[in-house]
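Colleague: There's a structure below that I have some questions on.
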Amino acid sequence: MKNVYLIGIGIGNTDFIHKKSMDAINKSDCLIGAKRMLESFSNLNKETFESSQSEEIYKYIINNNNFENFGVIVSGDTGFYSLSKKLTEMLSQNIEIAIENIPAISSLQYFCSKLKLSWDNIKFTSAHGRELNIISNVMFNKKIFMLTGGDLKPNKICKILTDKGLGHLKVSVGENLSYDNERILNDSASNIANMNFESLAVIIIHNDNALDLDIGFKSIKDEEFITGKAPMTKSEIRTISISKLNLKNDSIVYDIGAGTGSVSIEAALKLSNGSLYAIEKNEIAADLINENIKKFKAYNIEIIKNLAPEGLENLPKPDSAFIGGSSGNMDEIINVLLNKNPDVNVVINTITLQSLNEALNCMEKYKFKNVEIVNVSVSKSKKIGHYDMMMGQNPIYIISGKGSGLN
């Protein structure tokens, strides 16, 4: 039987290593970890194996029969964005290995203690070695903690915030936590965007005006939008159309022919960890979308001032696409969407029979699944003197389908 101790050593400074961790380190015949962590225990004259890759560590332990007790040293807490998670899953498959997981002080705990800030209401995430939707996370959370790393340093994160009109937000940055050269800053995102930092730092973004997650379940009245003369998809049609997009909280969505952005706004407010791209060729309409983004704080929308399909070329793979206007390029647009994601969900709104026919031909040509056509006629009451009169809107065809996955 081999014993593997997954040992959290805290935030870096060895003064913060607790007795349980040190007991496990002393008990181990071999210490495993990154070079900078092993150096802290070189005085113990233990056999060492330098690695921070879970697969490599797993193979070393499995194939090494010279030792009984292995100590895997990880920074911070073993349960907080640590390689111990994957390593535990791998080692647990072997009945000849006993695992003991020893937690420690995380960077979140330490940093919040230095800021005199409770962390029980902070959302935490990591930008170190993984995809992270910064804007949506900031939109829907009053406080968000991020582990930074690689190219996504605190200044770059703050540059992203500033470019989205969020440069006024207060940001706290912690660098070299617990060491003699520790640096802790509290400043606006716009100021921090112009500073330099080490890659492995932490950041807390404070957004007192964060949106409530429940906002995505609410319907927005037509009169709440800034409209000008650009076309707008009306409330009841928006509700049905967006429901057909089959959105998830982390969906990537296109709104093609976005008009005033009413569909963009209402869909984006459902994307607490996703993004929406509003493609609109008309300069005046694009400006209206931008005004509505500011009004509704829907900063996870990116405006693409271009004609589709050209404007879609450099965008990430979509999960869903709403086509409110195609400018006669329906076939080309759908072809591009399917090349990006053969399983994409597509919803098309049309008023004319010619556009309906074009949409159906495309659905048939590209072998869409679950094709559905809904014709919606809406009448809304209007007060005329003492009477309520029902005023009819143009009937709308809502065509929806899912790519066959064959492209």
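By order of appearance in the structure tokens: chains A, B, ..., then residues from 1 within every chain, and ligands from 1 in the order shown.
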Find the residues around A:Ser82 up to 12 Å (only C-alpha atoms counted), leave out those fewer than 2 positions away in its own chain, and share them as a VMD selection string.

Modeller: chain A and resid 6 to 10 33 52 to 54 72 to 80 84 to 88 101 103 to 104 106 to 107 126 128 to 129 147

Colleague: Please produce a file of the residues just selected, as a PDB file, in the first residue's frame, where the atoms kept are C-alpha atoms.

Modeller:
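Below you can see out29.pdb, which holds the result:
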```
ATOM      1  CA  LEU A   6      -1.732  15.962  -1.013  1.00  0.00           C
ATOM      2  CA  ILE A   7      -0.280  18.816   0.999  1.00  0.00           C
ATOM      3  CA  GLY A   8      -1.387  22.421   0.713  1.00  0.00           C
ATOM      4  CA  ILE A   9       1.376  24.750   1.858  1.00  0.00           C
ATOM      5  CA  GLY A  10      -0.628  27.968   1.730  1.00  0.00           C
ATOM      6  CA  GLY A  33       6.016  19.481  -6.662  1.00  0.00           C
ATOM      7  CA  SER A  52       3.410  20.244 -11.580  1.00  0.00           C
ATOM      8  CA  GLN A  53       1.622  18.032 -14.126  1.00  0.00           C
ATOM      9  CA  SER A  54      -0.960  15.659 -12.631  1.00  0.00           C
ATOM     10  CA  VAL A  72       2.669  16.038  -3.235  1.00  0.00           C
ATOM     11  CA  ILE A  73       3.165  19.705  -2.402  1.00  0.00           C
ATOM     12  CA  VAL A  74       0.714  22.202  -3.913  1.00  0.00           C
ATOM     13  CA  SER A  75       0.473  25.949  -3.451  1.00  0.00           C
ATOM     14  CA  GLY A  76      -2.465  27.476  -1.643  1.00  0.00           C
ATOM     15  CA  ASP A  77      -5.339  25.239  -0.596  1.00  0.00           C
ATOM     16  CA  THR A  78      -5.705  21.757  -2.098  1.00  0.00           C
ATOM     17  CA  GLY A  79      -9.362  22.414  -2.897  1.00  0.00           C
ATOM     18  CA  PHE A  80      -8.954  25.819  -4.559  1.00  0.00           C
ATOM     19  CA  SER A  84      -4.846  17.942  -6.405  1.00  0.00           C
ATOM     20  CA  LYS A  85      -8.400  17.753  -7.820  1.00  0.00           C
ATOM     21  CA  LYS A  86      -7.400  15.872 -10.952  1.00  0.00           C
ATOM     22  CA  LEU A  87      -4.693  13.932  -9.147  1.00  0.00           C
ATOM     23  CA  THR A  88      -7.195  12.741  -6.529  1.00  0.00           C
ATOM     24  CA  ASN A 101      -5.842  15.567   1.483  1.00  0.00           C
ATOM     25  CA  PRO A 103      -5.948  21.803   3.190  1.00  0.00           C
ATOM     26  CA  ALA A 104      -4.240  25.148   3.807  1.00  0.00           C
ATOM     27  CA  SER A 106      -5.807  29.974   0.097  1.00  0.00           C
ATOM     28  CA  SER A 107      -4.889  33.220  -1.654  1.00  0.00           C
ATOM     29  CA  SER A 126      -9.544  31.679 -12.202  1.00  0.00           C
ATOM     30  CA  HIS A 128      -4.971  30.969 -14.961  1.00  0.00           C
ATOM     31  CA  GLY A 129      -4.851  28.359 -17.704  1.00  0.00           C
ATOM     32  CA  LEU A 147      -6.576  34.197  -9.946  1.00  0.00           C
TER      33      LEU A 147
END
```

Colleague: As a list in words, please: the residues near A:Lys114 (cut-off 10 Å, only C-alpha atoms, same-chain neighbours under 6 positions excluded).

Modeller: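 The filter keeps Gly174, Leu177, Ser178 and Ile184 of chain A.
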
Colleague: Those residues with C-alpha atoms, as an mmCIF file, in the first residue's frame please?

Modeller:
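Below is the file that was written, selection.cif:
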```cif
data_model
loop_
_atom_site.group_PDB
_atom_site.id
_atom_site.type_symbol
_atom_site.label_atom_id
_atom_site.label_comp_id
_atom_site.auth_asym_id
_atom_site.auth_seq_id
_atom_site.Cartn_x
_atom_site.Cartn_y
_atom_site.Cartn_z
ATOM 1 C CA GLY A 174 -2.589 41.472 -4.600
ATOM 2 C CA LEU A 177 1.155 37.727 -1.298
ATOM 3 C CA SER A 178 2.793 36.900 2.057
ATOM 4 C CA ILE A 184 -1.593 45.404 -2.420
#
```

Colleague: Figure out the distance between atom CA of A:Lys369 and atom CA of A:Ser404, please, to one decimal in Å.

Modeller: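 Straight-line distance from atom CA of A:Ser404 to atom CA of A:Lys369 works out to 5.7 Å.
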
Colleague: Quick one, how far is atom CA of A:Ala230 from atom CA of A:Glu291?

Modeller: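 According to the coordinates, atom CA of A:Ala230 and atom CA of A:Glu291 are separated by 12.8 Å.
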
Colleague: I need the residues of stretch 231-384 of chain A that end up classed as strand (DSSP E) by DSSP on the backbone, written out as a PyMOL selection string.

Modeller: chain A and resi 252-256+275-279+301-304+320-323+345-350+369-376+379-384

Colleague: Here is a test: counting only C-alpha atoms, which residue of A:Lys20, A:Lys244, A:Lys143, A:Arg36 is nearest to A:Ser118?

Modeller: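 Residue with the minimum atom-to-atom distance to A:Ser118: A:Lys143.
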
Colleague: With stretch 159-163 of chain A as the partner and 12 Å as the cut-off, tabulate the residues of stretch 253-347 of chain A that qualify, each row holding the nearest pair of atoms and their distance in Å to one decimal, using only C-alpha atoms, sorted by chain and rising number, as CSV.

Modeller:
```
residue,atom,partner,partner_atom,distance
A:Tyr299,CA,A:Leu161,CA,9.4
A:Asn300,CA,A:Leu161,CA,10.7
A:Glu302,CA,A:Asp163,CA,11.1
```

Colleague: May I have all residues of stretch 282-375 of chain A that DSSP, computed from the backbone, assigns to alpha helix (DSSP H), given as number ranges by chain?

Modeller: A: 283-296, 330-340, 353-365

Colleague: Create the file for the chosen residues now, containing C-alpha atoms and written as a PDB file, in the first residue's frame.

Modeller:
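Final output, saved to again-v9.pdb:
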```
ATOM      1  CA  GLU A 283     -24.290  53.017 -38.238  1.00  0.00           C
ATOM      2  CA  ILE A 284     -27.281  54.768 -36.618  1.00  0.00           C
ATOM      3  CA  ALA A 285     -28.777  51.458 -35.450  1.00  0.00           C
ATOM      4  CA  ALA A 286     -25.379  50.373 -34.048  1.00  0.00           C
ATOM      5  CA  ASP A 287     -25.218  53.602 -32.041  1.00  0.00           C
ATOM      6  CA  LEU A 288     -28.703  52.861 -30.656  1.00  0.00           C
ATOM      7  CA  ILE A 289     -27.565  49.390 -29.611  1.00  0.00           C
ATOM      8  CA  ASN A 290     -24.653  50.990 -27.766  1.00  0.00           C
ATOM      9  CA  GLU A 291     -27.021  53.380 -25.965  1.00  0.00           C
ATOM     10  CA  ASN A 292     -29.237  50.469 -24.918  1.00  0.00           C
ATOM     11  CA  ILE A 293     -26.209  48.506 -23.702  1.00  0.00           C
ATOM     12  CA  LYS A 294     -25.345  51.382 -21.381  1.00  0.00           C
ATOM     13  CA  LYS A 295     -28.938  51.802 -20.231  1.00  0.00           C
ATOM     14  CA  PHE A 296     -29.430  48.130 -19.348  1.00  0.00           C
ATOM     15  CA  MET A 330     -29.719  34.252 -45.828  1.00  0.00           C
ATOM     16  CA  ASP A 331     -28.065  31.266 -47.539  1.00  0.00           C
ATOM     17  CA  GLU A 332     -24.537  32.629 -47.113  1.00  0.00           C
ATOM     18  CA  ILE A 333     -25.168  33.483 -43.441  1.00  0.00           C
ATOM     19  CA  ILE A 334     -26.502  30.033 -42.584  1.00  0.00           C
ATOM     20  CA  ASN A 335     -23.618  28.395 -44.451  1.00  0.00           C
ATOM     21  CA  VAL A 336     -21.102  30.349 -42.338  1.00  0.00           C
ATOM     22  CA  LEU A 337     -22.970  29.542 -39.113  1.00  0.00           C
ATOM     23  CA  LEU A 338     -22.925  25.817 -39.869  1.00  0.00           C
ATOM     24  CA  ASN A 339     -19.240  25.891 -40.798  1.00  0.00           C
ATOM     25  CA  LYS A 340     -18.524  27.434 -37.411  1.00  0.00           C
ATOM     26  CA  LEU A 353     -43.785  35.281 -47.524  1.00  0.00           C
ATOM     27  CA  GLN A 354     -40.738  35.547 -49.778  1.00  0.00           C
ATOM     28  CA  SER A 355     -38.408  35.653 -46.769  1.00  0.00           C
ATOM     29  CA  LEU A 356     -40.334  32.775 -45.173  1.00  0.00           C
ATOM     30  CA  ASN A 357     -39.830  30.717 -48.318  1.00  0.00           C
ATOM     31  CA  GLU A 358     -36.111  31.573 -48.392  1.00  0.00           C
ATOM     32  CA  ALA A 359     -35.693  30.555 -44.739  1.00  0.00           C
ATOM     33  CA  LEU A 360     -37.476  27.227 -45.261  1.00  0.00           C
ATOM     34  CA  ASN A 361     -35.421  26.474 -48.375  1.00  0.00           C
ATOM     35  CA  CYS A 362     -32.247  27.026 -46.358  1.00  0.00           C
ATOM     36  CA  MET A 363     -33.465  24.789 -43.536  1.00  0.00           C
ATOM     37  CA  GLU A 364     -34.184  22.044 -46.081  1.00  0.00           C
ATOM     38  CA  LYS A 365     -30.990  22.542 -48.072  1.00  0.00           C
TER      39      LYS A 365
END
```

Colleague: Give the answer as one residue: which of A:Phe124, A:Phe322, A:Phe111, A:Tyr179 has the shortest atom-to-atom distance to A:Ile348, using only C-alpha atoms?

Modeller: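 Counting only C-alpha atoms, the residue closest to A:Ile348 is A:Phe322.
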
Colleague: Which residues, written as a ChimeraX atom specification, have at least one atom at most 12 Å from A:Lys35, with only C-alpha atoms counted and residues fewer than 3 positions away on the same chain left out?

Modeller: /A:31-32,38-42,48-52,73-75

Colleague: Write to file, as a compact mmCIF listing (two decimals), in the first residue's frame, the residues of the selection just made, with N, CA and C atoms.

Modeller:
```txt
# COMPACT_ATOMS: atom_id res chain seq x y z
N LEU A 31 9.25 13.91 -1.87
CA LEU A 31 8.43 15.10 -2.05
C LEU A 31 8.31 15.42 -3.54
N ILE A 32 7.10 15.75 -3.96
CA ILE A 32 6.81 16.01 -5.36
C ILE A 32 6.18 17.39 -5.48
N LEU A 38 9.56 22.96 -3.87
CA LEU A 38 10.51 21.98 -3.32
C LEU A 38 11.71 22.66 -2.68
N GLU A 39 12.10 23.81 -3.24
CA GLU A 39 13.26 24.53 -2.69
C GLU A 39 13.05 24.93 -1.24
N SER A 40 11.81 25.14 -0.83
CA SER A 40 11.53 25.53 0.56
C SER A 40 11.85 24.42 1.55
N PHE A 41 11.99 23.18 1.04
CA PHE A 41 12.21 22.03 1.94
C PHE A 41 13.50 21.28 1.60
N SER A 42 14.41 21.99 0.93
CA SER A 42 15.68 21.35 0.55
C SER A 42 16.51 20.95 1.76
N THR A 48 13.34 13.94 -4.17
CA THR A 48 12.33 14.81 -4.77
C THR A 48 12.07 14.44 -6.24
N PHE A 49 10.88 14.82 -6.69
CA PHE A 49 10.53 14.68 -8.10
C PHE A 49 9.86 15.98 -8.50
N GLU A 50 10.49 16.70 -9.44
CA GLU A 50 10.02 18.02 -9.83
C GLU A 50 8.97 17.93 -10.93
N SER A 51 7.74 18.30 -10.62
CA SER A 51 6.68 18.31 -11.62
C SER A 51 5.45 19.01 -11.06
N SER A 52 4.70 19.65 -11.96
CA SER A 52 3.41 20.24 -11.58
C SER A 52 2.32 19.75 -12.52
N ILE A 73 3.29 18.35 -2.95
CA ILE A 73 3.17 19.70 -2.40
C ILE A 73 2.50 20.61 -3.43
N VAL A 74 1.40 21.27 -3.03
CA VAL A 74 0.71 22.20 -3.91
C VAL A 74 0.59 23.55 -3.23
N SER A 75 0.61 24.61 -4.02
CA SER A 75 0.47 25.95 -3.45
C SER A 75 -0.96 26.20 -3.02
```

Colleague: Select, from A:Asn370, A:Asn155, A:Thr14, A:Asn345, the residue with the minimum atom-to-atom distance to A:Phe197, counting only C-alpha atoms.

Modeller: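 Among the listed residues, the smallest separation from A:Phe197 belongs to A:Asn155.
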